[in-house]
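Source file: model-v5.txt; contents: compact mmCIF, C-alpha atoms (C1' of nucleotides).
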```txt
# COMPACT_ATOMS: atom_id res chain seq x y z
CA MET A 216 -19.14 -85.05 64.00
CA PRO A 217 -17.69 -81.66 63.06
CA GLU A 218 -14.25 -81.67 64.65
CA LYS A 219 -12.87 -78.22 65.42
CA LYS A 220 -10.81 -76.64 62.70
CA THR A 221 -7.34 -75.68 63.77
CA ARG A 222 -6.51 -72.13 62.80
CA ARG A 223 -3.07 -71.14 61.71
CA MET A 224 -1.84 -67.59 62.17
CA THR A 225 -0.13 -67.34 58.83
CA LEU A 226 2.04 -64.42 57.82
CA GLN A 227 -0.70 -63.17 55.52
CA ARG A 228 -3.33 -63.37 58.24
CA LYS A 229 -1.10 -61.70 60.82
CA THR A 230 -0.12 -58.94 58.42
CA ILE A 231 -3.73 -58.20 57.58
CA LEU A 232 -4.62 -58.04 61.27
CA ASP A 233 -1.65 -55.84 62.13
CA ILE A 234 -2.32 -53.41 59.31
CA LEU A 235 -5.98 -53.15 60.24
CA ARG A 236 -5.02 -52.49 63.85
CA GLN A 237 -2.55 -49.83 62.84
CA THR A 238 -4.94 -47.84 60.68
CA LYS A 239 -7.40 -45.75 62.60
CA SER A 240 -9.80 -45.61 59.68
CA HIS A 241 -12.34 -48.21 58.59
CA PRO A 242 -10.85 -49.52 55.36
CA SER A 243 -12.53 -51.63 52.71
CA ALA A 244 -11.14 -55.01 51.69
CA ASP A 245 -9.59 -53.41 48.64
CA GLU A 246 -7.93 -50.66 50.65
CA ILE A 247 -6.53 -53.28 53.01
CA TYR A 248 -5.31 -55.25 50.01
CA GLU A 249 -3.37 -52.24 48.73
CA LEU A 250 -1.80 -51.66 52.15
CA VAL A 251 -0.85 -55.29 52.69
CA ARG A 252 0.66 -55.49 49.20
CA LYS A 253 3.36 -53.07 50.28
CA GLN A 254 4.60 -55.74 52.70
CA LEU A 255 3.51 -58.86 50.83
CA PRO A 256 3.53 -57.95 47.14
CA ARG A 257 2.42 -61.41 46.04
CA ILE A 258 -0.69 -61.65 48.24
CA SER A 259 -3.91 -62.09 46.37
CA LEU A 260 -7.15 -60.20 46.85
CA GLY A 261 -8.97 -63.46 47.54
CA THR A 262 -6.62 -64.17 50.42
CA VAL A 263 -7.41 -60.78 51.91
CA TYR A 264 -11.15 -61.37 51.68
CA ARG A 265 -10.89 -64.89 53.09
CA ASN A 266 -8.69 -63.90 56.01
CA LEU A 267 -10.82 -60.92 56.90
CA GLU A 268 -13.75 -63.33 57.22
CA VAL A 269 -11.64 -65.69 59.32
CA LEU A 270 -10.57 -62.84 61.60
CA VAL A 271 -14.22 -61.87 62.00
CA LYS A 272 -15.11 -65.46 62.92
CA MET A 273 -12.24 -65.45 65.42
CA GLY A 274 -13.76 -62.35 67.01
CA LEU A 275 -10.63 -60.27 66.48
CA ILE A 276 -12.17 -57.69 64.14
CA GLN A 277 -15.62 -56.83 62.87
CA LYS A 278 -17.18 -56.33 59.48
CA LEU A 279 -19.24 -53.19 58.99
CA GLU A 280 -22.32 -53.33 56.82
CA LEU A 281 -23.05 -49.66 56.39
CA GLY A 282 -24.92 -47.81 53.68
CA GLY A 283 -23.39 -47.65 50.25
CA THR A 284 -22.01 -50.49 48.19
CA ILE A 285 -18.86 -51.60 49.96
CA LYS A 286 -18.19 -53.38 53.23
CA ARG A 287 -15.63 -52.00 55.65
CA PHE A 288 -13.61 -53.57 58.43
CA ASP A 289 -13.02 -52.37 61.95
CA TRP A 290 -10.00 -53.31 64.09
CA ASN A 291 -12.27 -52.90 67.12
CA PRO A 292 -14.52 -55.97 67.54
CA ASN A 293 -16.62 -54.36 70.27
CA LYS A 294 -20.08 -53.03 69.53
CA HIS A 295 -20.14 -49.37 68.68
CA TYR A 296 -21.75 -47.04 66.16
CA HIS A 297 -20.44 -45.16 63.15
CA ILE A 298 -20.84 -41.96 61.18
CA ARG A 299 -20.56 -42.05 57.41
CA CYS A 300 -19.89 -39.09 55.13
CA LEU A 301 -22.56 -39.01 52.43
CA CYS A 302 -20.15 -37.18 50.16
CA CYS A 303 -16.84 -39.08 50.28
CA GLY A 304 -17.85 -42.26 52.13
CA GLN A 305 -15.39 -41.78 54.96
CA VAL A 306 -16.38 -43.55 58.19
CA ASP A 307 -15.67 -42.54 61.77
CA ASP A 308 -16.71 -43.87 65.16
CA ALA A 309 -19.81 -42.25 66.61
CA PRO A 310 -19.20 -40.82 70.10
CA ILE A 311 -22.32 -42.30 71.66
CA ALA A 312 -22.75 -45.29 73.94
CA PRO A 313 -24.59 -48.39 72.68
CA LEU A 314 -28.33 -48.30 73.24
CA ASN A 315 -28.73 -51.61 75.02
CA LYS A 316 -32.41 -51.29 75.77
CA LEU A 317 -33.57 -50.74 72.19
CA GLU A 318 -34.56 -54.35 71.54
CA ASP A 319 -36.80 -54.37 74.60
CA GLU A 320 -39.10 -51.85 72.93
CA LEU A 321 -39.83 -54.31 70.16
CA TYR A 322 -40.42 -57.25 72.44
CA GLY A 323 -43.96 -58.49 71.93
CA ALA A 324 -44.57 -55.98 69.13
CA THR A 325 -43.01 -58.04 66.34
CA VAL A 326 -43.12 -61.64 65.22
CA PHE A 327 -39.38 -61.52 64.61
CA SER A 328 -36.84 -62.80 67.15
CA ILE A 329 -34.70 -59.71 67.58
CA ILE A 330 -31.08 -60.34 68.40
CA GLY A 331 -29.48 -56.96 67.81
CA HIS A 332 -29.46 -53.70 65.92
CA ARG A 333 -27.25 -51.48 63.80
CA LEU A 334 -27.23 -47.73 64.09
CA GLU A 335 -25.44 -45.52 61.60
CA PHE A 336 -25.29 -41.75 61.52
CA GLU A 337 -25.14 -39.93 58.22
CA GLY A 338 -23.63 -36.56 57.60
CA PHE A 339 -20.66 -34.77 56.13
CA CYS A 340 -17.05 -34.94 57.20
CA PRO A 341 -15.27 -31.59 57.81
CA ASP A 342 -13.74 -31.49 54.32
CA CYS A 343 -16.98 -32.28 52.56
CA THR A 344 -18.91 -29.90 54.79
CA LYS A 345 -16.69 -27.11 53.48
CA LYS A 346 -17.01 -28.23 49.90
CA GLU A 347 -20.75 -28.55 50.16
CA ALA A 348 -21.05 -25.17 51.83
CA GLU A 349 -19.05 -23.54 49.07
CA LYS A 350 -21.31 -25.07 46.52
CA SER A 351 -24.13 -23.82 48.76
CA THR A 352 -25.94 -27.05 48.20
CA LEU A 353 -25.65 -28.30 51.76
CA LYS A 354 -28.73 -26.40 52.83
CA THR A 355 -30.70 -27.83 49.96
CA LYS A 356 -29.49 -31.32 50.66
CA ILE A 357 -30.46 -31.11 54.30
CA GLU A 358 -33.87 -29.78 53.38
CA ASN A 359 -34.35 -32.56 50.87
CA PHE A 360 -33.09 -35.22 53.21
CA MET B 83 -28.80 -22.38 36.81
CA PRO B 84 -30.21 -25.91 36.76
CA GLU B 85 -33.58 -25.62 35.06
CA LYS B 86 -36.13 -28.04 36.41
CA LYS B 87 -36.52 -31.26 34.53
CA THR B 88 -40.02 -32.06 33.46
CA ARG B 89 -41.03 -35.50 34.63
CA ARG B 90 -43.33 -37.73 32.69
CA MET B 91 -45.41 -40.36 34.44
CA THR B 92 -44.93 -43.03 31.84
CA LEU B 93 -46.74 -46.34 31.89
CA GLN B 94 -43.57 -48.09 33.03
CA ARG B 95 -43.01 -45.61 35.85
CA LYS B 96 -46.62 -45.73 36.96
CA THR B 97 -46.69 -49.52 36.89
CA ILE B 98 -43.54 -49.76 39.00
CA LEU B 99 -44.99 -47.32 41.54
CA ASP B 100 -48.34 -49.13 41.67
CA ILE B 101 -46.77 -52.53 42.10
CA LEU B 102 -44.50 -51.28 44.86
CA ARG B 103 -47.49 -49.73 46.62
CA GLN B 104 -49.50 -52.93 46.33
CA THR B 105 -46.85 -55.20 47.81
CA LYS B 106 -46.54 -54.96 51.53
CA SER B 107 -43.00 -56.33 51.48
CA HIS B 108 -39.76 -54.49 50.74
CA PRO B 109 -38.75 -55.89 47.36
CA SER B 110 -35.42 -55.58 45.63
CA ALA B 111 -35.12 -54.05 42.16
CA ASP B 112 -34.96 -57.51 40.68
CA GLU B 113 -38.07 -58.69 42.50
CA ILE B 114 -39.91 -55.60 41.29
CA TYR B 115 -38.66 -56.32 37.79
CA GLU B 116 -40.16 -59.81 37.91
CA LEU B 117 -43.49 -58.47 39.16
CA VAL B 118 -43.68 -55.66 36.61
CA ARG B 119 -42.83 -58.06 33.79
CA LYS B 120 -46.14 -59.81 34.32
CA GLN B 121 -47.87 -56.61 33.21
CA LEU B 122 -45.22 -55.21 30.88
CA PRO B 123 -43.32 -58.20 29.50
CA ARG B 124 -41.01 -56.07 27.37
CA ILE B 125 -39.77 -53.78 30.17
CA SER B 126 -36.05 -53.90 30.76
CA LEU B 127 -34.25 -54.20 34.08
CA GLY B 128 -32.47 -50.92 33.44
CA THR B 129 -35.79 -49.14 33.14
CA VAL B 130 -36.82 -50.52 36.53
CA TYR B 131 -33.61 -49.32 38.17
CA ARG B 132 -33.79 -45.90 36.55
CA ASN B 133 -37.42 -45.32 37.45
CA LEU B 134 -36.96 -46.47 41.02
CA GLU B 135 -34.28 -43.81 41.37
CA VAL B 136 -36.57 -41.24 39.77
CA LEU B 137 -39.40 -42.15 42.13
CA VAL B 138 -37.00 -41.79 45.06
CA LYS B 139 -35.98 -38.33 43.81
CA MET B 140 -39.66 -37.45 43.46
CA GLY B 141 -40.14 -38.40 47.12
CA LEU B 142 -42.79 -41.00 46.34
CA ILE B 143 -40.83 -44.00 47.61
CA GLN B 144 -37.61 -44.62 49.47
CA LYS B 145 -34.57 -46.74 48.89
CA LEU B 146 -33.41 -48.89 51.80
CA GLU B 147 -29.71 -49.41 52.35
CA LEU B 148 -29.76 -52.21 54.85
CA GLY B 149 -27.17 -54.83 55.67
CA GLY B 150 -26.40 -57.45 53.08
CA THR B 151 -25.64 -56.93 49.43
CA ILE B 152 -28.89 -55.80 47.85
CA LYS B 153 -30.89 -52.60 48.05
CA ARG B 154 -34.60 -52.72 48.73
CA PHE B 155 -37.40 -50.31 48.03
CA ASP B 156 -40.19 -49.13 50.28
CA TRP B 157 -43.55 -47.80 49.08
CA ASN B 158 -43.61 -45.66 52.24
CA PRO B 159 -41.38 -42.59 51.82
CA ASN B 160 -41.71 -41.59 55.47
CA LYS B 161 -38.90 -42.21 57.91
CA HIS B 162 -39.22 -45.45 59.81
CA TYR B 163 -37.06 -48.38 60.87
CA HIS B 164 -36.79 -51.95 59.70
CA ILE B 165 -36.11 -55.47 60.90
CA ARG B 166 -34.12 -57.83 58.70
CA CYS B 167 -33.99 -61.59 58.95
CA LEU B 168 -30.36 -62.68 59.13
CA CYS B 169 -31.32 -66.04 57.66
CA CYS B 170 -33.53 -65.34 54.62
CA GLY B 171 -33.09 -61.58 54.20
CA GLN B 172 -36.77 -60.78 54.57
CA VAL B 173 -37.47 -57.23 55.74
CA ASP B 174 -40.32 -55.91 57.85
CA ASP B 175 -41.16 -52.56 59.41
CA ALA B 176 -39.96 -52.13 62.98
CA PRO B 177 -42.80 -51.16 65.35
CA ILE B 178 -40.93 -48.35 67.06
CA ALA B 179 -41.22 -44.61 66.63
CA PRO B 180 -38.31 -42.64 65.10
CA LEU B 181 -35.74 -41.46 67.63
CA ASN B 182 -35.68 -37.80 66.75
CA LYS B 183 -33.33 -36.71 69.50
CA LEU B 184 -30.47 -39.06 68.62
CA GLU B 185 -28.48 -36.53 66.61
CA ASP B 186 -28.50 -34.10 69.52
CA GLU B 187 -26.34 -36.47 71.55
CA LEU B 188 -23.58 -36.19 68.98
CA TYR B 189 -23.73 -32.43 68.69
CA GLY B 190 -20.37 -30.99 69.73
CA ALA B 191 -18.89 -34.47 70.16
CA THR B 192 -18.01 -35.04 66.51
CA VAL B 193 -16.42 -33.02 63.75
CA PHE B 194 -19.01 -34.35 61.32
CA SER B 195 -22.13 -32.43 60.37
CA ILE B 196 -24.79 -34.95 61.27
CA ILE B 197 -27.96 -34.81 59.25
CA GLY B 198 -29.65 -38.11 60.05
CA HIS B 199 -29.37 -41.72 61.06
CA ARG B 200 -30.40 -45.20 60.04
CA LEU B 201 -31.45 -47.85 62.51
CA GLU B 202 -31.92 -51.46 61.57
CA PHE B 203 -32.87 -54.36 63.77
CA GLU B 204 -31.48 -57.80 63.09
CA GLY B 205 -33.10 -61.07 63.99
CA PHE B 206 -34.98 -64.03 62.60
CA CYS B 207 -38.38 -64.12 60.97
CA PRO B 208 -40.85 -66.70 62.36
CA ASP B 209 -39.99 -69.32 59.72
CA CYS B 210 -36.25 -68.99 60.19
CA THR B 211 -36.62 -68.88 63.98
CA LYS B 212 -38.10 -72.37 63.74
CA LYS B 213 -35.38 -73.56 61.39
CA GLU B 214 -32.63 -72.16 63.60
CA ALA B 215 -34.18 -73.74 66.70
CA GLU B 216 -34.24 -77.15 65.02
CA LYS B 217 -30.70 -76.71 63.79
CA SER B 218 -29.36 -75.72 67.23
CA THR B 219 -31.14 -78.52 69.05
CA LEU B 220 -29.76 -80.91 66.47
CA LYS B 221 -26.32 -79.47 67.01
CA THR B 222 -26.70 -79.82 70.76
CA LYS B 223 -27.80 -83.41 70.34
CA ILE B 224 -24.78 -84.19 68.21
CA GLU B 225 -22.42 -82.45 70.59
CA ASN B 226 -23.87 -84.25 73.60
CA PHE B 227 -23.80 -87.60 71.86
C1' DA C 14 -44.96 -29.51 11.87
C1' DT C 15 -40.56 -28.88 13.97
C1' DA C 16 -37.21 -28.92 17.38
C1' DA C 17 -35.84 -30.10 21.88
C1' DT C 18 -35.99 -33.17 25.43
C1' DA C 19 -37.36 -37.34 28.07
C1' DT C 20 -37.76 -42.12 28.03
C1' DT C 21 -37.23 -46.62 26.53
C1' DA C 22 -35.23 -51.57 25.42
C1' DA C 23 -31.33 -53.91 24.87
C1' DT C 24 -26.96 -54.68 25.95
C1' DA C 25 -22.34 -53.81 27.57
C1' DA C 26 -19.53 -52.50 31.30
C1' DT C 27 -18.37 -52.05 36.11
C1' DC C 28 -17.58 -53.07 40.75
C1' DA C 29 -17.32 -55.68 44.89
C1' DT C 30 -17.27 -60.06 46.27
C1' DT C 31 -17.19 -65.10 46.08
C1' DC C 32 -15.78 -69.40 44.12
C1' DC C 33 -12.53 -72.75 42.06
C1' DT C 34 -8.25 -75.14 41.53
C1' DA C 35 -3.84 -76.79 41.68
C1' DA C 36 0.24 -75.94 44.30
C1' DT C 37 2.35 -75.14 48.78
C1' DA C 38 2.84 -75.02 53.80
C1' DT C 39 2.05 -76.73 58.34
C1' DC C 40 0.81 -80.01 61.84
C1' DA C 41 0.31 -84.68 64.14
C1' DA C 42 1.69 -89.12 64.46
C1' DT C 43 4.52 -92.43 63.47
C1' DA D 165 12.88 -87.16 59.28
C1' DT D 166 8.86 -89.25 56.66
C1' DT D 167 4.23 -89.73 55.86
C1' DG D 168 -0.49 -88.46 55.62
C1' DA D 169 -4.09 -85.23 56.61
C1' DT D 170 -5.51 -80.74 56.50
C1' DA D 171 -5.14 -75.66 56.13
C1' DT D 172 -3.80 -72.07 53.28
C1' DT D 173 -2.29 -69.83 49.33
C1' DA D 174 -2.03 -67.27 44.50
C1' DG D 175 -4.23 -66.63 40.55
C1' DG D 176 -7.94 -66.34 37.95
C1' DA D 177 -12.70 -67.24 36.71
C1' DA D 178 -17.39 -66.60 37.95
C1' DT D 179 -21.18 -64.30 40.12
C1' DG D 180 -24.55 -60.86 41.24
C1' DA D 181 -26.16 -56.35 41.74
C1' DT D 182 -25.99 -52.16 39.73
C1' DT D 183 -24.72 -48.53 36.37
C1' DA D 184 -23.61 -46.75 31.82
C1' DT D 185 -24.17 -46.60 26.75
C1' DT D 186 -26.73 -46.22 22.67
C1' DA D 187 -29.87 -45.93 19.14
C1' DA D 188 -34.76 -45.76 18.60
C1' DT D 189 -39.21 -43.98 20.16
C1' DA D 190 -42.43 -40.92 22.58
C1' DT D 191 -43.83 -36.61 24.50
C1' DT D 192 -43.84 -31.71 25.09
C1' DA D 193 -43.25 -26.84 23.85
C1' DT D 194 -43.02 -23.67 20.26
```

How would this structure read if it were set down as structure tokens?
Amino acid sequence: MPEKKTRRMTLQRKTILDILRQTKSHPSADEIYELVRKQLPRISLGTVYRNLEVLVKMGLIQKLELGGTIKRFDWNPNKHYHIRCLCCGQVDDAPIAPLNKLEDELYGATVFSIIGHRLEFEGFCPDCTKKEAEKSTLKTKIENF
Amino acid sequence: MPEKKTRRMTLQRKTILDILRQTKSHPSADEIYELVRKQLPRISLGTVYRNLEVLVKMGLIQKLELGGTIKRFDWNPNKHYHIRCLCCGQVDDAPIAPLNKLEDELYGATVFSIIGHRLEFEGFCPDCTKKEAEKSTLKTKIENF
DNA sequence: ATAATATTAATAATCATTCCTAATATCAAT
DNA sequence: ATTGATATTAGGAATGATTATTAATATTAT
């Protein structure tokens, strides 16, 4: 019935992938759009969104669903964790190995079929740590966390 | 100096809190709005959003930033983890104790100031597990046809 | 009672994302 | 190369969740 869809590696798709691979950050679709526009000024935002989804389906990148309102994209499709700055939203990789045994602890304890987990660390990036310290609100924020 | 704001426990605020405490699920702002409207038909959606934020600031409830597009609210302000159904979005508590030592593993390994983490399990609720099983067996049947 | 502040309902505005459509590009098979 | 089928595109409209605005009302402190 459903014959396999042939994928084309269009210029737009390739450019999006290349740009994502070049940046070491974890940009949002809109940030990627702005970067790609420098090379392809006529590309549309919808094309960026659509191709990011295609690249995810192809297993070449991954979509990050972290806290906050926006989704980010990661050139690295392998499972790993992230740290997010609560002040500026910046995202970095978390230097900790995946916890592969976590699901086992839930086995038999929940009616859900568990197939994975997401772990996200929250904190402040160096810049925002300084800013917050100067405002001397960091201590309060941590206490209230 | 920021003088402390006096909080009023208005009927709207109290009703929102009570309804959230009565439901054992993890409703979205909109779902709470629909429930509260049965008691206070003239309440506005904005009032629900504003009061949910106030209740979070008061430490009486917590806001959940899970995967997907919507935010959910939890009558239980204490730290705990959740399971989310990838099919229908339903959320349940995860029967696993908080991992209090996790942050220690990052100490010295990142330039971020880590102050916490969020852990979310992904899977399928019982209903959707059934549906997915039927779908995949159907798919297999078609493919093997 | 008066003044200051908190809260509300209603609505508009915003933001990220998805959807729609007609035009264009590419591929497979003549 | 031509045709037909399908994938992809640009542009813009639509959606959905959330936030902001505003004028009216309610509560609190003096």

Axis-aligned box for region 186-193 of chain D, 5 Å per side, centre and edges in Å as AutoDock Vina command-line options:
```
--center_x -35.3 --center_y -36.5 --center_z 21.8 --size_x 27.1 --size_y 29.4 --size_z 16.5
```

For region 271-280 of chain A, please output as a PyMOL selection string all residues within 10 Å (counting all atoms listed in the file; exclusion window: fewer than 3 positions along the same chain).
-> (chain A and resi 222+232+235-236+241-244+265-268+283-294+296-297+333+335) or (chain B and resi 147-151)

Once chain A is fitted onto chain B over all Cα atoms in order, please give the RMSD.
-> 3.7 Å

Could you check which of A:Ile234, A:Ile258, A:Val326, A:Leu270 is closest to Cys207 (chain B), using all atoms listed in the file?
->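 Distance minimum relative to Cys207 (chain B) lands on A:Val326.
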
Any idea what the distance is between C1' of DT15 (chain C) and CA of Thr129 (chain B)?
-> 28.3 Å

What residues in chain D have any atom no more than 10 Å from chain A when counting all atoms listed in the file, and can you write them as number ranges by chain?
-> D: 170-175, 181-182
